[in-house]
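S.K.: Input file: input_0.cif. Contents: mmCIF, C-alpha atoms and all ligand atoms.
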```
data_run
loop_
_atom_site.label_atom_id
_atom_site.label_comp_id
_atom_site.auth_asym_id
_atom_site.auth_seq_id
_atom_site.Cartn_x
_atom_site.Cartn_y
_atom_site.Cartn_z
CA MET N 1 -17.30 -43.38 -23.13
CA ARG N 2 -13.81 -41.88 -22.94
CA ALA N 3 -13.34 -38.85 -25.21
CA LEU N 4 -10.97 -39.55 -28.05
CA LYS N 5 -7.95 -37.32 -28.34
CA VAL N 6 -7.39 -35.63 -31.75
CA PRO N 7 -4.71 -38.04 -33.10
CA ASN N 8 -6.88 -41.05 -32.17
CA ARG N 9 -9.91 -39.52 -33.77
CA ILE N 10 -7.99 -38.99 -36.99
CA HIS N 11 -6.77 -42.55 -36.84
CA ALA N 12 -10.29 -43.82 -36.15
CA LEU N 13 -11.79 -41.90 -39.07
CA ASN N 14 -9.10 -43.09 -41.46
CA THR N 15 -9.68 -46.68 -40.36
CA LEU N 16 -13.46 -46.48 -40.83
CA SER N 17 -13.33 -44.87 -44.23
CA PRO N 18 -10.29 -46.01 -46.21
CA LYS N 19 -11.29 -43.91 -49.26
CA VAL N 20 -11.21 -40.60 -47.36
CA THR N 21 -7.99 -39.63 -45.66
CA VAL N 22 -8.40 -37.10 -42.88
CA SER N 23 -5.21 -35.14 -42.45
CA ARG N 24 -4.22 -33.29 -39.30
CA ARG N 25 -4.37 -30.05 -41.28
CA ASN N 26 -8.03 -30.66 -42.26
CA PHE N 27 -8.79 -31.46 -38.66
CA ALA N 28 -7.34 -28.24 -37.26
CA GLU N 29 -8.52 -27.21 -33.81
CA HIS N 30 -10.60 -24.10 -33.32
CA PRO N 31 -8.26 -21.25 -32.13
CA SER N 32 -10.17 -20.91 -28.84
CA VAL N 33 -9.52 -24.59 -28.08
CA THR N 34 -5.80 -24.15 -28.77
CA ALA N 35 -5.70 -21.03 -26.58
CA LYS N 36 -7.42 -22.86 -23.71
CA ARG N 37 -5.05 -25.80 -24.03
CA GLU N 38 -2.06 -23.43 -23.99
CA LEU N 39 -3.41 -21.67 -20.90
CA ARG N 40 -3.92 -24.99 -19.13
CA LYS N 41 -0.35 -26.00 -19.97
CA LYS N 42 0.98 -22.69 -18.66
CA THR N 43 -0.99 -22.97 -15.44
CA GLU N 44 0.21 -26.54 -14.88
CA ARG N 45 3.79 -25.45 -15.55
CA GLN N 46 3.47 -22.53 -13.13
CA GLN N 47 2.04 -24.84 -10.47
CA PHE N 48 4.93 -27.22 -10.98
CA MET N 49 7.42 -24.37 -10.67
CA ASP N 50 5.76 -23.11 -7.48
CA GLU N 51 5.82 -26.64 -6.05
CA SER N 52 9.52 -27.00 -6.93
CA CYS N 53 10.35 -23.95 -4.84
CA LYS N 54 8.23 -24.86 -1.82
CA GLY N 55 11.11 -25.89 0.44
CA LEU N 56 13.24 -22.88 -0.51
CA PRO N 57 13.31 -19.55 1.35
CA THR N 58 11.59 -16.67 -0.46
CA PHE N 59 13.48 -13.61 -1.65
CA ILE N 60 11.91 -11.55 1.13
CA ASP N 61 13.05 -14.18 3.69
CA LYS N 62 16.60 -13.75 2.47
CA LEU N 63 16.46 -9.95 2.46
CA SER N 64 14.94 -9.93 5.97
CA GLU N 65 17.62 -12.31 7.24
CA HIS N 66 20.22 -9.72 6.19
CA LYS N 67 18.10 -6.74 7.31
CA LEU N 68 17.83 -5.55 3.71
CA TRP N 69 14.08 -5.61 3.34
CA PRO N 70 12.31 -3.58 2.05
CA LEU N 71 14.56 -2.83 -0.90
CA LYS N 72 14.52 0.90 -1.69
CA ARG N 73 15.47 2.99 -4.68
CA SER N 74 18.21 5.60 -5.01
CA SER N 75 17.95 8.58 -7.34
CA PRO N 76 17.09 7.33 -10.88
CA THR N 77 20.03 7.57 -13.27
CA THR N 78 19.01 5.21 -16.10
CA LEU N 79 15.90 5.03 -18.21
CA GLN N 80 15.80 1.59 -19.76
CA LEU N 81 13.41 1.59 -22.64
CA ASN N 82 12.22 -1.59 -24.29
CA VAL N 83 11.10 -0.22 -27.65
CA GLY N 84 9.59 -3.49 -28.81
CA LEU N 85 9.78 -7.24 -29.09
CA LEU N 86 10.54 -7.40 -32.79
CA CYS N 87 13.82 -9.19 -33.35
CA ASN N 88 15.62 -10.91 -36.22
CA LEU N 89 16.66 -13.76 -33.88
CA THR N 90 14.88 -16.20 -31.56
CA CYS N 91 17.49 -17.14 -28.94
CA HIS N 92 16.83 -19.97 -26.47
CA HIS N 93 17.68 -17.88 -23.41
CA CYS N 94 15.58 -14.86 -24.48
CA HIS N 95 13.69 -13.65 -21.40
CA VAL N 96 11.53 -11.27 -23.43
CA GLU N 97 10.42 -13.94 -25.95
CA ALA N 98 11.29 -11.65 -28.84
CA GLY N 99 11.23 -12.73 -32.46
CA PRO N 100 10.49 -11.84 -36.10
CA THR N 101 6.72 -12.28 -35.64
CA LYS N 102 6.38 -9.65 -32.86
CA LYS N 103 5.66 -6.79 -35.24
CA LYS N 104 2.79 -5.22 -33.32
CA GLU N 105 4.68 -4.96 -30.04
CA ASN N 106 6.63 -1.85 -31.03
CA MET N 107 6.65 1.61 -29.41
CA ALA N 108 4.75 4.24 -31.42
CA LYS N 109 5.88 7.80 -32.18
CA GLU N 110 3.75 9.32 -29.36
CA GLY N 111 5.42 7.02 -26.86
CA ALA N 112 8.89 7.95 -28.11
CA GLU N 113 8.04 11.65 -27.84
CA ARG N 114 6.78 11.20 -24.29
CA ILE N 115 10.00 9.43 -23.36
CA THR N 116 12.10 12.37 -24.56
CA LEU N 117 9.92 14.73 -22.49
CA LEU N 118 10.34 12.61 -19.34
CA LEU N 119 14.07 12.42 -19.94
CA LYS N 120 14.20 16.19 -20.18
CA ASN N 121 12.16 16.55 -16.96
CA THR N 122 14.43 14.18 -15.00
CA PRO N 123 17.89 15.77 -14.78
CA SER N 124 19.29 12.84 -12.77
CA MET N 125 18.71 10.47 -15.72
CA GLN N 126 22.16 10.34 -17.27
CA THR N 127 21.55 7.37 -19.55
CA LEU N 128 18.96 6.24 -22.02
CA ASP N 129 19.42 2.49 -22.31
CA ILE N 130 17.54 1.19 -25.35
CA THR N 131 16.67 -2.46 -25.54
CA GLY N 132 14.24 -4.83 -27.28
CA GLY N 133 13.90 -7.18 -29.26
CA ALA N 134 16.38 -5.69 -31.63
CA PRO N 135 15.89 -1.99 -30.74
CA GLU N 136 17.28 -0.79 -34.07
CA LEU N 137 14.23 -2.31 -35.81
CA ASN N 138 11.89 0.20 -34.15
CA PRO N 139 11.18 3.03 -36.64
CA HIS N 140 11.72 5.67 -33.90
CA PHE N 141 15.07 4.34 -32.70
CA LYS N 142 17.09 7.06 -34.44
CA TYR N 143 14.76 9.78 -33.21
CA LEU N 144 15.22 8.63 -29.60
CA VAL N 145 19.00 8.48 -29.95
CA LYS N 146 19.26 11.94 -31.51
CA GLU N 147 16.96 13.57 -28.94
CA ALA N 148 18.79 12.05 -25.98
CA ARG N 149 22.19 12.99 -27.40
CA THR N 150 21.04 16.56 -28.02
CA MET N 151 20.17 16.71 -24.30
CA GLY N 152 23.69 15.52 -23.52
CA ARG N 153 22.62 12.11 -22.20
CA GLN N 154 24.56 8.92 -22.73
CA VAL N 155 22.81 6.41 -24.99
CA MET N 156 23.28 2.67 -24.73
CA ASP N 157 22.13 0.30 -27.47
CA ARG N 158 21.55 -3.36 -26.55
CA CYS N 159 22.54 -4.66 -29.94
CA ASN N 160 22.43 -8.29 -31.05
CA LEU N 161 25.11 -7.50 -33.67
CA THR N 162 23.52 -9.55 -36.46
CA VAL N 163 20.82 -6.91 -36.92
CA LEU N 164 23.49 -4.58 -38.31
CA LEU N 165 23.68 -6.87 -41.35
CA GLU N 166 19.94 -7.00 -42.00
CA PRO N 167 18.53 -5.36 -45.16
CA GLY N 168 17.67 -1.72 -44.47
CA MET N 169 20.24 -1.48 -41.65
CA GLU N 170 23.21 -0.66 -43.88
CA ASP N 171 23.76 2.79 -42.31
CA MET N 172 23.03 1.80 -38.70
CA ALA N 173 26.62 1.14 -37.57
CA ASP N 174 27.70 4.55 -38.93
CA PHE N 175 24.73 6.21 -37.24
CA LEU N 176 25.66 4.65 -33.88
CA ALA N 177 29.26 5.80 -34.24
CA GLU N 178 28.32 9.33 -35.30
CA ASN N 179 26.12 9.68 -32.21
CA GLN N 180 28.67 8.05 -29.90
CA VAL N 181 26.19 5.42 -28.80
CA GLN N 182 27.63 2.87 -26.40
CA ILE N 183 27.07 -0.66 -27.69
CA VAL N 184 26.37 -3.59 -25.38
CA ALA N 185 26.22 -6.82 -27.35
CA SER N 186 25.55 -10.38 -26.33
CA LEU N 187 28.09 -13.03 -27.26
CA PRO N 188 27.63 -16.13 -25.09
CA CYS N 189 30.95 -17.65 -26.19
CA TYR N 190 33.99 -17.10 -28.39
CA LYS N 191 33.40 -20.53 -29.95
CA PRO N 192 31.03 -20.76 -32.95
CA ASP N 193 29.21 -23.93 -31.86
CA ASN N 194 28.16 -22.58 -28.47
CA VAL N 195 26.88 -19.30 -29.92
CA ASP N 196 24.93 -21.03 -32.69
CA LYS N 197 23.48 -23.50 -30.19
CA GLN N 198 21.97 -20.70 -28.10
CA ARG N 199 21.22 -18.04 -30.72
CA GLY N 200 20.66 -19.94 -33.97
CA LYS N 201 22.65 -21.31 -36.91
CA GLY N 202 25.12 -18.89 -38.49
CA VAL N 203 24.79 -16.29 -35.71
CA PHE N 204 28.44 -16.56 -34.68
CA ASP N 205 29.78 -15.75 -38.16
CA LYS N 206 27.39 -12.85 -38.57
CA SER N 207 28.29 -11.52 -35.11
CA MET N 208 31.97 -11.60 -36.04
CA GLU N 209 31.27 -9.75 -39.28
CA ALA N 210 29.36 -7.06 -37.37
CA LEU N 211 32.09 -6.78 -34.73
CA LYS N 212 34.71 -6.27 -37.46
CA LYS N 213 32.57 -3.54 -38.97
CA LEU N 214 32.27 -1.82 -35.56
CA ASN N 215 36.02 -2.10 -34.96
CA GLN N 216 36.65 -0.45 -38.33
CA LEU N 217 34.53 2.47 -37.16
CA GLY N 218 36.66 2.74 -34.03
CA TYR N 219 34.40 0.83 -31.62
CA GLY N 220 36.31 -0.99 -28.88
CA THR N 221 39.71 0.11 -30.16
CA GLU N 222 42.47 1.76 -28.19
CA GLY N 223 42.26 5.53 -27.85
CA SER N 224 38.68 5.63 -29.19
CA LYS N 225 35.73 7.03 -27.26
CA LEU N 226 33.37 4.55 -28.90
CA GLU N 227 32.61 1.88 -26.31
CA LEU N 228 31.84 -1.69 -27.26
CA HIS N 229 31.05 -4.12 -24.47
CA LEU N 230 30.22 -7.81 -24.79
CA VAL N 231 27.90 -9.83 -22.60
CA TYR N 232 28.40 -13.44 -21.63
CA ASN N 233 25.63 -15.62 -20.29
CA PRO N 234 26.08 -19.35 -19.57
CA VAL N 235 24.88 -21.74 -22.25
CA GLY N 236 23.81 -24.32 -19.61
CA PRO N 237 21.99 -24.00 -16.25
CA HIS N 238 24.95 -22.87 -14.15
CA LEU N 239 26.36 -19.64 -12.73
CA PRO N 240 28.75 -17.54 -14.80
CA PRO N 241 32.47 -17.91 -14.04
CA SER N 242 34.77 -15.08 -12.84
CA GLN N 243 34.27 -12.03 -15.03
CA LYS N 244 37.91 -10.94 -15.00
CA LYS N 245 39.28 -14.32 -16.06
CA LEU N 246 36.68 -14.80 -18.76
CA GLU N 247 37.21 -11.29 -20.14
CA ALA N 248 40.93 -12.01 -20.55
CA GLN N 249 40.10 -15.29 -22.30
CA TYR N 250 37.59 -13.63 -24.67
CA LYS N 251 40.06 -10.86 -25.51
CA GLU N 252 42.81 -13.31 -26.29
CA GLU N 253 40.69 -15.67 -28.39
CA LEU N 254 38.82 -13.04 -30.41
CA ASP N 255 41.98 -11.09 -31.11
CA LYS N 256 44.13 -14.13 -31.92
CA TYR N 257 41.81 -15.68 -34.48
CA LEU N 258 39.81 -12.78 -35.83
CA GLY N 259 41.59 -9.59 -34.77
CA ILE N 260 38.47 -8.40 -32.93
CA LYS N 261 38.72 -5.86 -30.08
CA PHE N 262 36.23 -4.81 -27.42
CA ASN N 263 36.25 -2.89 -24.13
CA LYS N 264 34.69 -4.95 -21.34
CA LEU N 265 33.00 -8.29 -20.89
CA PHE N 266 29.98 -8.43 -18.59
CA THR N 267 28.91 -11.77 -17.20
CA ILE N 268 25.24 -12.28 -16.44
CA THR N 269 23.15 -15.04 -14.94
CA ASN N 270 20.30 -16.49 -16.98
CA MET N 271 16.99 -15.43 -15.49
CA PRO N 272 14.60 -18.31 -14.70
CA ILE N 273 11.71 -16.65 -16.52
CA LYS N 274 9.94 -16.87 -19.89
CA ARG N 275 11.77 -18.79 -22.64
CA TYR N 276 14.60 -19.79 -20.29
CA ALA N 277 12.13 -21.03 -17.67
CA ASP N 278 10.49 -23.13 -20.41
CA PHE N 279 13.87 -24.56 -21.30
CA LEU N 280 14.56 -25.42 -17.64
CA PHE N 281 11.09 -26.89 -17.23
CA ASN N 282 11.33 -29.01 -20.38
CA SER N 283 14.78 -30.30 -19.48
CA GLY N 284 13.69 -31.11 -15.88
CA GLU N 285 16.28 -28.65 -14.49
CA TYR N 286 14.02 -25.95 -13.04
CA ALA N 287 14.12 -27.05 -9.37
CA LYS N 288 17.87 -27.67 -9.48
CA TYR N 289 18.56 -24.28 -11.06
CA MET N 290 16.40 -22.43 -8.51
CA SER N 291 18.20 -24.20 -5.63
CA LEU N 292 21.51 -23.20 -7.18
CA LEU N 293 20.47 -19.54 -7.29
CA VAL N 294 19.03 -19.52 -3.77
CA ASN N 295 22.00 -21.36 -2.27
CA HIS N 296 24.39 -18.84 -3.81
CA PHE N 297 22.49 -15.77 -2.57
CA ASN N 298 25.05 -13.02 -1.96
CA PRO N 299 23.75 -9.99 0.01
CA SER N 300 26.59 -7.73 -1.18
CA THR N 301 25.14 -7.84 -4.73
CA LEU N 302 22.14 -5.83 -3.48
CA ASN N 303 24.21 -2.65 -3.60
CA ASP N 304 24.37 -2.81 -7.38
CA VAL N 305 21.10 -4.36 -8.55
CA MET N 306 19.79 -2.27 -11.40
CA CYS N 307 16.34 -1.73 -9.87
CA LYS N 308 17.95 0.65 -7.36
CA TYR N 309 18.69 3.32 -9.96
CA LEU N 310 16.87 2.32 -13.15
CA VAL N 311 13.30 2.53 -14.36
CA SER N 312 12.15 0.17 -17.06
CA VAL N 313 9.57 1.24 -19.64
CA SER N 314 7.76 -1.21 -21.90
CA TRP N 315 6.99 -0.64 -25.59
CA ASP N 316 3.44 0.33 -24.60
CA GLY N 317 4.61 2.83 -21.97
CA LYS N 318 4.15 0.90 -18.70
CA LEU N 319 6.64 1.44 -15.88
CA TYR N 320 8.47 -1.34 -14.05
CA ASP N 321 11.30 -1.73 -11.57
CA CYS N 322 13.38 -3.66 -14.10
CA ASP N 323 13.20 -5.42 -17.42
CA PHE N 324 12.61 -8.79 -15.75
CA ASN N 325 9.66 -7.47 -13.76
CA GLN N 326 8.38 -6.02 -17.01
CA MET N 327 8.39 -9.44 -18.63
CA LEU N 328 6.51 -10.88 -15.66
CA ASP N 329 4.17 -7.88 -15.55
CA ILE N 330 4.98 -7.12 -11.91
CA ASN N 331 3.81 -3.59 -11.15
CA LEU N 332 6.31 -0.89 -10.26
CA GLY N 333 6.81 -0.95 -6.46
CA ALA N 334 6.26 2.83 -6.36
CA ALA N 335 2.85 2.60 -8.06
CA LYS N 336 1.00 2.48 -4.73
CA SER N 337 2.95 5.31 -3.09
CA HIS N 338 2.19 7.36 -6.19
CA GLY N 339 -1.48 6.94 -5.33
CA LYS N 340 -2.22 4.37 -8.01
CA GLU N 341 -3.45 0.84 -7.33
CA GLY N 342 -2.81 -0.54 -10.79
CA GLN N 343 -0.07 -0.04 -13.33
CA LEU N 344 1.69 3.32 -13.73
CA SER N 345 2.55 4.45 -17.24
CA ILE N 346 4.52 7.23 -18.92
CA TRP N 347 1.23 9.11 -19.26
CA ASP N 348 0.68 9.17 -15.46
CA VAL N 349 3.95 10.90 -14.53
CA ASP N 350 5.69 14.15 -15.48
CA SER N 351 9.17 13.05 -14.49
CA PHE N 352 10.89 10.16 -12.70
CA THR N 353 12.25 12.14 -9.75
CA PHE N 354 9.47 10.78 -7.49
CA LEU N 355 11.12 7.34 -7.60
CA GLU N 356 13.92 8.12 -5.13
CA GLY N 357 13.31 6.37 -1.80
CA THR N 358 10.34 4.30 -3.01
CA GLY N 359 10.09 0.53 -2.54
CA ILE N 360 11.01 -2.05 -5.20
CA ALA N 361 8.76 -4.98 -6.14
CA THR N 362 10.69 -8.23 -5.80
CA ALA N 363 9.90 -11.91 -6.41
CA ARG N 364 11.54 -15.32 -6.80
CA HIS N 365 13.39 -14.47 -10.03
CA CYS N 366 15.38 -11.79 -8.09
CA PHE N 367 17.65 -14.63 -6.96
CA GLY N 368 18.98 -14.49 -10.53
CA CYS N 369 20.41 -11.01 -9.85
CA THR N 370 21.86 -11.83 -6.47
CA ALA N 371 23.50 -15.25 -6.89
CA GLY N 372 27.28 -15.55 -6.75
CA ALA N 373 29.01 -12.40 -7.96
CA GLY N 374 25.68 -11.02 -9.22
CA SER N 375 24.68 -10.13 -12.74
CA SER N 376 26.99 -7.35 -13.80
CA CYS N 377 25.24 -6.04 -16.89
CA THR N 378 22.23 -3.90 -16.10
CA GLY N 379 19.32 -5.91 -17.34
CA ALA N 380 18.10 -6.87 -20.76
CA ILE N 381 20.56 -8.08 -23.27
CA SER N 382 20.00 -8.34 -26.93
S1 LIG N 401 14.98 -9.01 -10.88
FE1 LIG N 401 14.66 -6.81 -10.99
S2 LIG N 401 13.65 -6.30 -9.07
FE2 LIG N 401 14.61 -8.26 -8.81
S3 LIG N 401 16.65 -7.82 -7.95
FE3 LIG N 401 16.86 -8.01 -10.17
S4 LIG N 401 16.70 -5.95 -10.89
FE4 LIG N 401 15.85 -5.94 -8.82
S1 LIG N 402 18.00 -12.54 -26.70
FE1 LIG N 402 18.12 -10.59 -27.78
S2 LIG N 402 18.70 -11.18 -29.86
FE2 LIG N 402 17.98 -13.02 -28.89
S3 LIG N 402 15.79 -13.15 -29.43
FE3 LIG N 402 15.94 -12.09 -27.45
S4 LIG N 402 15.99 -9.94 -27.96
FE4 LIG N 402 16.48 -11.05 -29.84
#
```
Can you dump the structure from the file as structure tokens?
Ligand code: SF4
Ligand code: SF4

M.R.:
Amino acid sequence: MRALKVPNRIHALNTLSPKVTVSRRNFAEHPSVTAKRELRKKTERQQFMDESCKGLPTFIDKLSEHKLWPLKRSSPTTLQLNVGLLCNLTCHHCHVEAGPTKKKENMAKEGAERITLLLKNTPSMQTLDITGGAPELNPHFKYLVKEARTMGRQVMDRCNLTVLLEPGMEDMADFLAENQVQIVASLPCYKPDNVDKQRGKGVFDKSMEALKKLNQLGYGTEGSKLELHLVYNPVGPHLPPSQKKLEAQYKEELDKYLGIKFNKLFTITNMPIKRYADFLFNSGEYAKYMSLLVNHFNPSTLNDVMCKYLVSVSWDGKLYDCDFNQMLDINLGAAKSHGKEGQLSIWDVDSFTFLEGTGIATARHCFGCTAGAGSSCTGAIS
């Protein structure tokens, strides 16, 4: 006899016994069944994605064709730290799948202390680039900023803007200004509807309020040292337009209607991983998007890909070649040459100087960094 699926079983029970109504809630699946079903779905989705890319050249094929393989690192200049996945938003394009429920995935004090030590031991690291989630929600965010600034390093905060208006964050904008933290903030459009569509209802208005607050503090304004950069990523599955043109458009529109100023606009390509890969899969656009990226492979972008000079550290201290590899749990390319088969972590190294000249781990998603004009903003956005 064919096994009845849950909805049919509920229907069957309700039909047999009209006096007792069996609700879906009463008939909840055991968590292990749900987990197995989820895993099966993920595996099927992965298989489908692999199938979709079968006719396409691999990233290594493309690099070899241009005599660029293997891809090697330069001296490390940026430590990109993902302090956690806790976020006040749940954007559609989010490649780290951050959100308000990710409370446990947050870097602890010991991790933050180790990071400051490694920063100190790596003189070539000029920048501490803090990302998340919403990095400001990590309780050790201010500690990290202060320590890095005391060492004379540049600090970059990947800010989603709206977090500056959250309860408990009232002093955050002032703190960022006092410590001359560079702000890199995502704003996928200057039109409210497009921003709300990608980031959630009301996000545009809140972002504008936060930008006004930052401008009042001197961020993005003429003659000020406080840098405020915006990041554009396409709302749909296409490549970003020319950065220069779009920057001029953003500047004009935001100034004209709201009097908002900023320094630069970075344009980035949406990475076909995690939540964005789900979106592409569910809308039947995955194969088309991958072909678009592969067909627009541009070898000149390889000079500037962030994995050449950046090391990415996860909230639990693991090391990766970039934030995207971190989300896919692809081991640091240098792990093997460092004499370690598995994953390297901040507890296995004393500094990051060993990275220079080591190989980078690449995969299919790397086409997202190398299509068209490339992705100009180094890695994770918030
Ligand atoms: S995805 Fe990461 S490893 Fe791949 S090219 Fe981009 S930065 Fe480098
Ligand atoms: S994209 Fe940024 S702001 Fe949006 S959910 Fe992800 S981490 Fe949060």

S.K.: How far is it from atom CA of N:Val184 to atom CA of N:Lys72, in Å with one decimal?

M.R.: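 Distance reported for this atom pair: 26.9 Å.
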
S.K.: For N:His66, find every residue with an atom within 12 Å (counting all atoms listed in the file), except residues of its own chain fewer than 2 positions away, and show them as a ChimeraX atom specification.

M.R.: /N:59-64,68-71,297-300,302

S.K.: Between atom CA of N:Leu117 and atom CA of N:Arg158, what is the spacing in Å?

M.R.: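 Taking atom CA of N:Arg158 as the start and atom CA of N:Leu117 as the end point, the length is 21.9 Å.
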
S.K.: Box for stretch 341-354 of chain N - axis-aligned, 4 Å on each of the six sides, all listed atoms - centre and size in Å to one decimal, as AutoDock Vina command-line options.

M.R.:
```
--center_x 4.4 --center_y 6.8 --center_z -13.3 --size_x 23.7 --size_y 22.7 --size_z 19.9
```

S.K.: Distance table requested - chain N against ligand LIG 401 (chain N), cut-off 7 Å, only C-alpha atoms and all ligand atoms: one row per qualifying residue with the closest atom pair and its distance in Å to one decimal, ordered by chain and rising residue number, as CSV.

M.R.:
```
residue,atom,partner,partner_atom,distance
N:Val305,CA,N:LIG401,S4,5.2
N:Met306,CA,N:LIG401,S4,4.8
N:Cys307,CA,N:LIG401,S4,4.4
N:Asp321,CA,N:LIG401,S2,5.7
N:Cys322,CA,N:LIG401,FE1,4.6
N:Asp323,CA,N:LIG401,FE1,6.7
N:Phe324,CA,N:LIG401,S1,5.4
N:Asn325,CA,N:LIG401,FE1,5.8
N:Ile360,CA,N:LIG401,S2,6.3
N:Ala361,CA,N:LIG401,S2,5.9
N:Thr362,CA,N:LIG401,S2,4.8
N:Ala363,CA,N:LIG401,FE2,6.4
N:His365,CA,N:LIG401,S1,5.7
N:Cys366,CA,N:LIG401,FE2,3.7
N:Phe367,CA,N:LIG401,S3,7.0
N:Gly368,CA,N:LIG401,S1,6.8
N:Cys369,CA,N:LIG401,FE3,4.7
N:Thr370,CA,N:LIG401,S3,6.7
N:Gly379,CA,N:LIG401,S4,7.0
```

S.K.: Would you tabulate, counting all atoms listed in the file, all residues of chain N that have an atom at most 10 Å from an atom of ligand LIG 402 (chain N), showing the closest pair of atoms and their distance in Å to one decimal, sorted by chain then ascending number, as JSON lines?

M.R.:
```
{"residue": "N:Asn82", "atom": "CA", "partner": "N:LIG402", "partner_atom": "S4", "distance": 9.9}
{"residue": "N:Gly84", "atom": "CA", "partner": "N:LIG402", "partner_atom": "S4", "distance": 9.1}
{"residue": "N:Leu85", "atom": "CA", "partner": "N:LIG402", "partner_atom": "S4", "distance": 6.9}
{"residue": "N:Leu86", "atom": "CA", "partner": "N:LIG402", "partner_atom": "FE4", "distance": 7.6}
{"residue": "N:Cys87", "atom": "CA", "partner": "N:LIG402", "partner_atom": "FE4", "distance": 4.8}
{"residue": "N:Asn88", "atom": "CA", "partner": "N:LIG402", "partner_atom": "FE4", "distance": 6.4}
{"residue": "N:Leu89", "atom": "CA", "partner": "N:LIG402", "partner_atom": "S3", "distance": 4.6}
{"residue": "N:Thr90", "atom": "CA", "partner": "N:LIG402", "partner_atom": "S3", "distance": 3.8}
{"residue": "N:Cys91", "atom": "CA", "partner": "N:LIG402", "partner_atom": "FE2", "distance": 4.1}
{"residue": "N:His92", "atom": "CA", "partner": "N:LIG402", "partner_atom": "FE2", "distance": 7.4}
{"residue": "N:His93", "atom": "CA", "partner": "N:LIG402", "partner_atom": "S1", "distance": 6.3}
{"residue": "N:Cys94", "atom": "CA", "partner": "N:LIG402", "partner_atom": "S1", "distance": 4.0}
{"residue": "N:His95", "atom": "CA", "partner": "N:LIG402", "partner_atom": "FE3", "distance": 6.6}
{"residue": "N:Val96", "atom": "CA", "partner": "N:LIG402", "partner_atom": "FE3", "distance": 6.0}
{"residue": "N:Glu97", "atom": "CA", "partner": "N:LIG402", "partner_atom": "FE3", "distance": 6.0}
{"residue": "N:Ala98", "atom": "CA", "partner": "N:LIG402", "partner_atom": "S3", "distance": 4.8}
{"residue": "N:Gly99", "atom": "CA", "partner": "N:LIG402", "partner_atom": "S3", "distance": 5.5}
{"residue": "N:Pro100", "atom": "CA", "partner": "N:LIG402", "partner_atom": "S3", "distance": 8.6}
{"residue": "N:Thr131", "atom": "CA", "partner": "N:LIG402", "partner_atom": "S4", "distance": 7.9}
{"residue": "N:Gly132", "atom": "CA", "partner": "N:LIG402", "partner_atom": "S4", "distance": 5.4}
{"residue": "N:Gly133", "atom": "CA", "partner": "N:LIG402", "partner_atom": "S4", "distance": 3.7}
{"residue": "N:Ala134", "atom": "CA", "partner": "N:LIG402", "partner_atom": "S4", "distance": 5.6}
{"residue": "N:Pro135", "atom": "CA", "partner": "N:LIG402", "partner_atom": "S4", "distance": 8.4}
{"residue": "N:Arg158", "atom": "CA", "partner": "N:LIG402", "partner_atom": "FE1", "distance": 8.1}
{"residue": "N:Cys159", "atom": "CA", "partner": "N:LIG402", "partner_atom": "S2", "distance": 7.6}
{"residue": "N:Asn160", "atom": "CA", "partner": "N:LIG402", "partner_atom": "S2", "distance": 4.9}
{"residue": "N:Leu161", "atom": "CA", "partner": "N:LIG402", "partner_atom": "S2", "distance": 8.3}
{"residue": "N:Thr162", "atom": "CA", "partner": "N:LIG402", "partner_atom": "S2", "distance": 8.3}
{"residue": "N:Val163", "atom": "CA", "partner": "N:LIG402", "partner_atom": "S2", "distance": 8.5}
{"residue": "N:Ala185", "atom": "CA", "partner": "N:LIG402", "partner_atom": "FE1", "distance": 8.9}
{"residue": "N:Ser186", "atom": "CA", "partner": "N:LIG402", "partner_atom": "FE1", "distance": 7.6}
{"residue": "N:Leu187", "atom": "CA", "partner": "N:LIG402", "partner_atom": "S2", "distance": 9.9}
{"residue": "N:Gln198", "atom": "CA", "partner": "N:LIG402", "partner_atom": "FE2", "distance": 8.7}
{"residue": "N:Arg199", "atom": "CA", "partner": "N:LIG402", "partner_atom": "FE2", "distance": 6.2}
{"residue": "N:Gly200", "atom": "CA", "partner": "N:LIG402", "partner_atom": "FE2", "distance": 9.0}
{"residue": "N:Val203", "atom": "CA", "partner": "N:LIG402", "partner_atom": "S2", "distance": 9.9}
{"residue": "N:Arg275", "atom": "CA", "partner": "N:LIG402", "partner_atom": "FE3", "distance": 9.2}
{"residue": "N:Ala380", "atom": "CA", "partner": "N:LIG402", "partner_atom": "FE1", "distance": 7.9}
{"residue": "N:Ile381", "atom": "CA", "partner": "N:LIG402", "partner_atom": "FE1", "distance": 5.7}
{"residue": "N:Ser382", "atom": "CA", "partner": "N:LIG402", "partner_atom": "FE1", "distance": 3.1}
```

S.K.: Could you model N, CA and C atoms for stretch 50-54 of chain N and present them as a compact mmCIF listing (two decimals), in the frame of the given file?

M.R.:
```txt
# COMPACT_ATOMS: atom_id res chain seq x y z
N ASP N 50 6.02 -23.54 -8.86
CA ASP N 50 5.76 -23.11 -7.48
C ASP N 50 6.05 -24.26 -6.51
N GLU N 51 5.59 -25.45 -6.89
CA GLU N 51 5.82 -26.64 -6.05
C GLU N 51 7.32 -26.87 -5.86
N SER N 52 8.07 -26.74 -6.97
CA SER N 52 9.52 -27.00 -6.93
C SER N 52 10.23 -26.10 -5.95
N CYS N 53 9.67 -24.91 -5.71
CA CYS N 53 10.35 -23.95 -4.84
C CYS N 53 9.82 -23.95 -3.42
N LYS N 54 8.91 -24.88 -3.12
CA LYS N 54 8.23 -24.86 -1.82
C LYS N 54 9.17 -24.92 -0.62
```
